[in-house]
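One file, protein.csv, carrying CSV, C-alpha atoms and all ligand atoms:
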chain,number,residue,atom,x,y,z
A,190,MET,CA,0.3,-18.1,4.4
A,191,LEU,CA,1.4,-21.5,3.0
A,192,ALA,CA,1.5,-21.7,-0.8
A,193,ALA,CA,0.3,-18.1,-1.1
A,194,SER,CA,3.4,-16.5,-2.6
A,195,PRO,CA,2.7,-15.4,-6.2
A,196,PRO,CA,6.3,-15.8,-7.4
A,197,ALA,CA,6.5,-19.2,-5.8
A,198,CYS,CA,3.2,-20.2,-7.5
A,199,ALA,CA,4.7,-19.1,-10.9
A,200,VAL,CA,7.6,-21.5,-10.3
A,201,ARG,CA,5.3,-24.3,-9.2
A,202,MET,CA,3.2,-23.8,-12.4
A,203,VAL,CA,6.3,-24.2,-14.6
A,204,ALA,CA,7.3,-27.4,-12.7
A,205,HIS,CA,3.7,-28.6,-13.2
A,206,ILE,CA,3.8,-28.0,-16.9
A,207,ILE,CA,7.1,-29.7,-17.5
A,208,GLY,CA,6.2,-32.6,-15.2
A,209,LEU,CA,8.9,-31.9,-12.6
A,210,LYS,CA,8.1,-32.9,-9.0
A,211,LEU,CA,9.2,-30.2,-6.5
A,212,ASP,CA,9.6,-30.9,-2.8
A,213,TYR,CA,8.0,-27.6,-2.0
A,214,LYS,CA,8.3,-26.0,1.4
A,215,GLU,CA,7.3,-22.4,2.1
A,216,PRO,CA,9.0,-20.6,5.0
A,217,ASP,CA,6.5,-18.9,7.4
A,218,ILE,CA,7.1,-15.2,6.9
A,219,THR,CA,5.0,-14.3,10.0
A,220,LYS,CA,7.6,-16.2,12.0
A,221,MET,CA,10.4,-14.5,10.0
A,222,GLU,CA,11.7,-17.9,8.9
A,223,HIS,CA,12.7,-16.3,5.6
A,224,LYS,CA,15.2,-14.1,7.5
A,225,SER,CA,16.7,-16.9,9.6
A,226,PRO,CA,20.5,-17.4,9.2
A,227,GLU,CA,20.0,-20.7,7.5
A,228,TYR,CA,17.6,-19.2,4.9
A,229,LEU,CA,19.8,-16.1,4.4
A,230,LYS,CA,22.6,-18.5,3.5
A,231,LEU,CA,20.5,-19.8,0.7
A,232,ASN,CA,19.2,-16.4,-0.4
A,233,PRO,CA,20.8,-13.3,1.1
A,234,LEU,CA,17.7,-11.3,0.0
A,235,GLY,CA,15.6,-13.4,2.4
A,236,THR,CA,12.8,-13.7,-0.3
A,237,ILE,CA,10.6,-16.6,-1.4
A,238,PRO,CA,11.2,-18.6,-3.5
A,239,VAL,CA,14.6,-20.3,-3.5
A,240,LEU,CA,15.4,-23.4,-5.5
A,241,ILE,CA,17.8,-26.1,-4.3
A,242,ASP,CA,18.8,-28.4,-7.1
A,243,ASP,CA,21.5,-30.8,-5.7
A,244,ASP,CA,24.4,-28.5,-5.0
A,245,PHE,CA,23.0,-25.5,-7.0
A,246,ILE,CA,21.0,-22.8,-5.2
A,247,LEU,CA,19.1,-20.1,-7.0
A,248,SER,CA,16.7,-17.4,-5.9
A,249,ASP,CA,14.2,-15.1,-7.8
A,250,SER,CA,11.3,-16.8,-9.4
A,251,HIS,CA,12.0,-15.5,-12.9
A,252,ALA,CA,15.6,-16.8,-12.8
A,253,ILE,CA,14.4,-20.1,-11.4
A,254,MET,CA,11.7,-20.5,-14.1
A,255,ILE,CA,14.3,-19.9,-16.8
A,256,TYR,CA,16.7,-22.4,-15.2
A,257,LEU,CA,14.1,-25.1,-14.8
A,258,LEU,CA,13.0,-24.7,-18.4
A,259,SER,CA,16.6,-24.8,-19.6
A,260,LYS,CA,17.6,-27.8,-17.6
A,261,TYR,CA,14.3,-29.9,-17.5
A,262,GLY,CA,11.9,-28.2,-19.9
A,263,GLY,CA,12.4,-30.5,-22.9
A,264,GLU,CA,10.0,-29.5,-25.7
A,265,HIS,CA,8.2,-27.0,-23.3
A,266,GLY,CA,11.3,-24.8,-23.2
A,267,GLU,CA,11.0,-23.4,-26.7
A,268,ARG,CA,7.3,-22.5,-26.2
A,269,LEU,CA,7.5,-21.0,-22.7
A,270,TYR,CA,10.8,-19.2,-23.1
A,271,PRO,CA,11.3,-18.9,-26.9
A,272,SER,CA,14.8,-18.6,-28.3
A,273,ASP,CA,13.8,-16.2,-31.0
A,274,ILE,CA,15.7,-13.1,-30.0
A,275,ARG,CA,12.9,-10.5,-30.2
A,276,THR,CA,10.3,-12.8,-28.6
A,277,ARG,CA,12.6,-13.6,-25.8
A,278,ALA,CA,13.4,-9.9,-25.3
A,279,VAL,CA,9.7,-9.2,-24.9
A,280,VAL,CA,9.3,-12.1,-22.5
A,281,ASN,CA,12.2,-10.6,-20.5
A,282,GLN,CA,10.7,-7.1,-20.7
A,283,VAL,CA,7.4,-8.3,-19.1
A,284,MET,CA,9.2,-10.3,-16.4
A,285,PHE,CA,11.4,-7.3,-15.5
A,286,PHE,CA,8.3,-5.2,-15.3
A,287,ASP,CA,6.7,-7.8,-13.1
A,288,THR,CA,9.7,-8.0,-10.7
A,289,GLY,CA,10.7,-4.3,-10.8
A,290,ILE,CA,7.4,-2.5,-10.8
A,291,LEU,CA,4.1,-4.4,-10.4
A,292,PHE,CA,5.3,-6.8,-7.7
A,293,VAL,CA,7.0,-4.0,-5.7
A,294,ARG,CA,3.7,-2.0,-5.7
A,295,ILE,CA,2.0,-5.0,-4.1
A,296,LYS,CA,4.7,-5.8,-1.6
A,297,VAL,CA,4.7,-2.2,-0.2
A,298,ILE,CA,1.1,-2.9,0.8
A,299,ALA,CA,1.2,-6.6,1.7
A,300,LEU,CA,4.3,-6.8,3.9
A,301,PRO,CA,3.4,-3.8,6.2
A,302,THR,CA,-0.1,-5.3,6.5
A,303,ILE,CA,1.2,-8.7,7.6
A,304,MET,CA,4.3,-7.6,9.6
A,305,GLU,CA,3.7,-4.1,10.8
A,306,GLY,CA,0.0,-3.7,11.6
A,307,MET,CA,-0.8,-1.4,8.7
A,308,LYS,CA,-4.6,-0.8,8.7
A,309,ALA,CA,-5.2,0.0,5.0
A,310,PRO,CA,-3.3,1.0,1.9
A,311,THR,CA,-2.8,4.7,1.4
A,312,GLN,CA,-4.3,6.5,-1.6
A,313,LYS,CA,-0.8,6.7,-3.1
A,314,HIS,CA,-0.4,2.9,-2.8
A,315,LEU,CA,-3.7,2.5,-4.7
A,316,ASN,CA,-2.9,5.2,-7.3
A,317,ASP,CA,0.5,3.4,-8.0
A,318,LEU,CA,-1.3,0.1,-8.5
A,319,GLU,CA,-3.9,1.8,-10.8
A,320,GLU,CA,-1.0,3.3,-12.8
A,321,ALA,CA,0.7,-0.1,-13.1
A,322,TYR,CA,-2.6,-1.5,-14.3
A,323,GLY,CA,-2.4,1.0,-17.2
A,324,MET,CA,1.0,-0.3,-18.1
A,325,VAL,CA,-0.3,-3.9,-18.0
A,326,GLU,CA,-3.2,-2.9,-20.2
A,327,ALA,CA,-0.7,-1.5,-22.8
A,328,TYR,CA,1.3,-4.7,-22.7
A,329,ALA,CA,-1.9,-6.8,-23.0
A,330,SER,CA,-2.9,-5.0,-26.2
A,331,ARG,CA,0.2,-6.2,-28.2
A,332,TYR,CA,-0.3,-10.0,-28.6
A,333,LYS,CA,-2.8,-12.7,-27.8
A,334,TYR,CA,-0.9,-13.5,-24.6
A,335,ILE,CA,1.2,-11.0,-22.6
A,336,ALA,CA,4.5,-11.3,-24.5
A,337,ALA,CA,3.6,-13.4,-27.6
A,338,ASP,CA,0.7,-15.0,-29.4
A,339,HIS,CA,1.2,-18.1,-27.2
A,340,LEU,CA,1.7,-18.7,-23.5
A,341,THR,CA,5.2,-18.0,-22.1
A,342,ILE,CA,6.6,-17.7,-18.6
A,343,ALA,CA,5.9,-14.0,-18.6
A,344,ASP,CA,2.2,-14.9,-18.5
A,345,LEU,CA,2.7,-17.1,-15.4
A,346,SER,CA,4.6,-14.4,-13.5
A,347,LEU,CA,2.4,-11.5,-14.4
A,348,ALA,CA,-0.9,-13.3,-14.1
A,349,MET,CA,0.1,-14.4,-10.5
A,350,THR,CA,1.1,-10.8,-9.6
A,351,MET,CA,-2.1,-9.4,-11.1
A,352,GLY,CA,-4.1,-11.9,-9.2
A,353,ALA,CA,-2.5,-10.8,-5.9
A,354,ALA,CA,-2.8,-7.1,-6.9
A,355,GLN,CA,-6.5,-7.4,-7.4
A,356,VAL,CA,-6.9,-8.7,-3.9
A,357,LEU,CA,-5.6,-5.2,-2.9
A,358,HIS,CA,-7.2,-3.1,-5.6
A,359,LYS,CA,-9.9,-4.3,-7.9
A,360,LEU,CA,-9.3,-4.0,-11.6
A,361,ASN,CA,-11.9,-1.9,-13.5
A,362,HIS,CA,-12.8,-4.3,-16.3
A,363,LYS,CA,-14.3,-1.5,-18.5
A,364,LYS,CA,-11.1,0.6,-18.2
A,365,PHE,CA,-8.7,-2.3,-18.8
A,366,PRO,CA,-10.5,-4.7,-21.3
A,367,ASN,CA,-7.3,-6.1,-22.8
A,368,THR,CA,-6.0,-7.1,-19.4
A,369,LEU,CA,-9.4,-8.8,-18.6
A,370,ASN,CA,-9.3,-10.7,-21.9
A,371,TRP,CA,-5.7,-11.8,-21.4
A,372,LEU,CA,-6.2,-12.8,-17.7
A,373,SER,CA,-9.3,-14.8,-18.6
A,374,LEU,CA,-7.2,-16.8,-21.1
A,375,VAL,CA,-4.5,-17.6,-18.6
A,376,GLU,CA,-7.0,-18.4,-15.8
A,377,LYS,CA,-8.6,-21.1,-17.9
A,378,GLU,CA,-5.4,-23.1,-18.1
A,379,PRO,CA,-5.4,-26.3,-15.9
A,380,PHE,CA,-2.2,-25.4,-14.2
A,381,PHE,CA,-3.6,-22.0,-13.2
A,382,ILE,CA,-6.8,-23.6,-11.9
A,383,GLN,CA,-4.7,-26.1,-9.9
A,384,ILE,CA,-2.0,-23.8,-8.5
A,385,GLY,CA,-2.5,-20.2,-9.4
A,386,LEU,CA,-6.1,-19.6,-8.3
A,387,PRO,CA,-5.7,-21.4,-5.0
A,388,GLY,CA,-2.5,-19.4,-4.3
A,389,ILE,CA,-4.4,-16.1,-5.0
A,390,ALA,CA,-7.3,-17.3,-2.8
A,391,LYS,CA,-4.8,-18.0,0.1
A,392,PHE,CA,-3.3,-14.6,-0.4
A,393,ASN,CA,-6.8,-13.1,-0.2
A,394,THR,CA,-7.6,-15.0,3.0
A,395,ALA,CA,-4.3,-13.8,4.6
A,396,MET,CA,-4.8,-10.2,3.6
A,397,GLN,CA,-8.4,-10.2,4.9
A,398,TYR,CA,-7.2,-11.8,8.2
A,399,TYR,CA,-4.4,-9.3,8.8
A,400,THR,CA,-6.5,-6.3,7.7
A,401,ALA,CA,-9.3,-7.3,10.2
A,402,ARG,CA,-6.7,-7.9,13.0
A,403,ASN,CA,-5.0,-4.6,12.4
A,404,ASN,CA,-8.3,-2.8,12.5
A,405,GLN,CA,-9.6,-4.3,15.8
B,501,LIG,N1,11.5,-10.8,-7.5
B,501,LIG,C1,11.3,-11.8,-6.5
B,501,LIG,C2,10.4,-11.4,-5.4
B,501,LIG,C3,10.3,-12.4,-4.2
B,501,LIG,C4,9.5,-11.9,-3.0
B,501,LIG,O1,9.6,-10.7,-2.7
B,501,LIG,N2,8.8,-12.8,-2.4
B,501,LIG,C5,8.0,-12.4,-1.2
B,501,LIG,C6,7.0,-13.4,-0.9
B,501,LIG,S1,5.7,-13.5,-2.1
B,501,LIG,C7,8.9,-12.3,0.0
B,501,LIG,O2,9.8,-13.1,0.1
B,501,LIG,N3,8.6,-11.4,0.9
B,501,LIG,C8,9.3,-11.2,2.1
B,501,LIG,C9,10.4,-10.2,2.1
B,501,LIG,O3,10.7,-9.6,1.1
B,501,LIG,O4,10.8,-9.9,3.2
B,501,LIG,C10,10.9,-13.1,-7.1
B,501,LIG,O5,10.3,-13.1,-8.2
B,501,LIG,O6,11.3,-14.2,-6.6
Could you express the structure from this file as structure tokens?
Ligand SMILES: N[C@@H](CCC(=O)N[C@@H](CS)C(=O)NCC(=O)O)C(=O)O
Amino acid sequence: MLAASPPACAVRMVAHIIGLKLDYKEPDITKMEHKSPEYLKLNPLGTIPVLIDDDFILSDSHAIMIYLLSKYGGEHGERLYPSDIRTRAVVNQVMFFDTGILFVRIKVIALPTIMEGMKAPTQKHLNDLEEAYGMVEAYASRYKYIAADHLTIADLSLAMTMGAAQVLHKLNHKKFPNTLNWLSLVEKEPFFIQIGLPGIAKFNTAMQYYTARNNQ
């Protein structure tokens, strides 16, 4: 599953945009490396990603992206995480939705498929994803991008999570046209082509592999 984690890809895209080289290592979740005592010392939640910046350790991709932009972002910081109070509030709103709602609805399908032999998502899992797509559609109708009329870190997070979500439950393009327009804008960006799309493809390969194995 190397480099397949959507939140880790969002962090890697920020690093790419600001020209920061990360020494990226992804724990193998199939070997429970993310729950080892050493890893839990870095992140008691046992989730990916974690940032180690000298003697500073930080987990949660959204917190990491904000930290990297604040410390190393230079002129990119203002564009990707604007200081205007209302714009920043909307960026935060989308990121909290990403972490608290959409990503959770993927995780309840992906983790049991990889770790517990789940054969297929339940109808409730799929209904919950479809409902979340409706929320994304409403957000996507407000601005050109997801939280402003320009790209912000909310786009990186939510586009990665939407990419992974669609591996599990296809998006009906006719029902969600604003989402489709917004996603096609983000997917054209060079950093998304280089990091985001391969990450989603690896997530797809992993899900296909575990689904086939669980149904043997
Ligand atoms: N809100 C967190 C979510 C992190 C997360 O759940 N990552 C997944 C990998 S994509 C994970 O670590 N799953 C293993 C687990 O939760 O046990 C973030 O944005 O960093």
Legend entry - Residue contacts of A:Pro379 (10 Å, all atoms listed in the file) excluding same-chain residues fewer than 3 positions away, as a PyMOL selection string: chain A and resi 202+205-206+375-376+382-385
Residues just named, written with C-alpha atoms as an mmCIF file, in the coordinates of the input:
data_model
loop_
_atom_site.group_PDB
_atom_site.id
_atom_site.type_symbol
_atom_site.label_atom_id
_atom_site.label_comp_id
_atom_site.auth_asym_id
_atom_site.auth_seq_id
_atom_site.Cartn_x
_atom_site.Cartn_y
_atom_site.Cartn_z
ATOM 1 C CA MET A 202 3.200 -23.800 -12.400
ATOM 2 C CA HIS A 205 3.700 -28.600 -13.200
ATOM 3 C CA ILE A 206 3.800 -28.000 -16.900
ATOM 4 C CA VAL A 375 -4.500 -17.600 -18.600
ATOM 5 C CA GLU A 376 -7.000 -18.400 -15.800
ATOM 6 C CA ILE A 382 -6.800 -23.600 -11.900
ATOM 7 C CA GLN A 383 -4.700 -26.100 -9.900
ATOM 8 C CA ILE A 384 -2.000 -23.800 -8.500
ATOM 9 C CA GLY A 385 -2.500 -20.200 -9.400
#
Listing only residues of chain A within 10 Å of ligand LIG 501 (chain B), what is the closest atom pair and its distance in Å (to one decimal) for each, using all atoms listed in the file, sorted by chain and residue number ascending, as a tab-separated table?
residue	atom	partner	partner_atom	distance
A:Met190	CA	B:LIG501	S1	9.6
A:Ala192	CA	B:LIG501	S1	9.3
A:Ala193	CA	B:LIG501	S1	7.2
A:Ser194	CA	B:LIG501	S1	3.8
A:Pro195	CA	B:LIG501	S1	5.4
A:Pro196	CA	B:LIG501	O5	4.9
A:Ala197	CA	B:LIG501	S1	6.8
A:Cys198	CA	B:LIG501	S1	9.0
A:Ala199	CA	B:LIG501	O5	8.6
A:Val200	CA	B:LIG501	O6	9.0
A:Glu215	CA	B:LIG501	C6	9.5
A:Pro216	CA	B:LIG501	O2	9.0
A:Asp217	CA	B:LIG501	C8	9.8
A:Ile218	CA	B:LIG501	C8	6.6
A:Thr219	CA	B:LIG501	C8	9.5
A:Met221	CA	B:LIG501	O4	8.2
A:Glu222	CA	B:LIG501	C8	9.8
A:His223	CA	B:LIG501	O2	7.0
A:Lys224	CA	B:LIG501	O4	7.4
A:Asn232	CA	B:LIG501	O2	10.0
A:Leu234	CA	B:LIG501	O3	7.3
A:Gly235	CA	B:LIG501	O4	6.0
A:Thr236	CA	B:LIG501	O2	3.1
A:Ile237	CA	B:LIG501	O2	3.9
A:Pro238	CA	B:LIG501	O6	5.4
A:Val239	CA	B:LIG501	O6	7.6
A:Leu247	CA	B:LIG501	O6	9.8
A:Ser248	CA	B:LIG501	O6	6.3
A:Asp249	CA	B:LIG501	O6	3.3
A:Ser250	CA	B:LIG501	O6	3.8
A:His251	CA	B:LIG501	O5	5.5
A:Ala252	CA	B:LIG501	O5	7.9
A:Ile253	CA	B:LIG501	O6	8.2
A:Met254	CA	B:LIG501	O5	9.6
A:Met284	CA	B:LIG501	O5	8.7
A:Phe285	CA	B:LIG501	N1	8.7
A:Asp287	CA	B:LIG501	N1	8.0
A:Thr288	CA	B:LIG501	N1	4.6
A:Gly289	CA	B:LIG501	N1	7.3
A:Ile290	CA	B:LIG501	N1	9.8
A:Phe292	CA	B:LIG501	C2	7.2
A:Val293	CA	B:LIG501	O1	7.8
A:Ile295	CA	B:LIG501	S1	9.5
A:Lys296	CA	B:LIG501	O1	7.0
A:Val297	CA	B:LIG501	O3	9.6
A:Ala299	CA	B:LIG501	N3	8.9
A:Leu300	CA	B:LIG501	C8	6.9
A:Met304	CA	B:LIG501	O4	9.4
A:Ser346	CA	B:LIG501	O5	7.9
A:Thr350	CA	B:LIG501	S1	9.2
A:Ala353	CA	B:LIG501	S1	9.4
A:Phe392	CA	B:LIG501	S1	9.2
Inset, instruction - May I have the residues within 10 Å of A:Gln355 as a ChimeraX atom specification, using only C-alpha atoms and disregarding those fewer than 5 positions away in the same chain? - result: /A:295,318,322,350,360-361,389,393
Legend entry - Distance query A:Glu319 at most 10 Å, only C-alpha atoms, self and fewer than 5 positions along chain excluded, as an NGL selection string: :A and (294 or 313-314 or 324-325 or 354 or 358-361)
Inset, instruction - Tell me, in Å to one decimal, how far atom CA of A:Phe245 is from atom CA of A:Lys220. - result: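 These atoms are spaced 26.2 Å apart.
For the set A:Ile207, A:Leu386, A:Ile303, A:Ala336, the residue with the smallest atom-to-atom gap to A:Val279 is A:Ala336, counting only C-alpha atoms.
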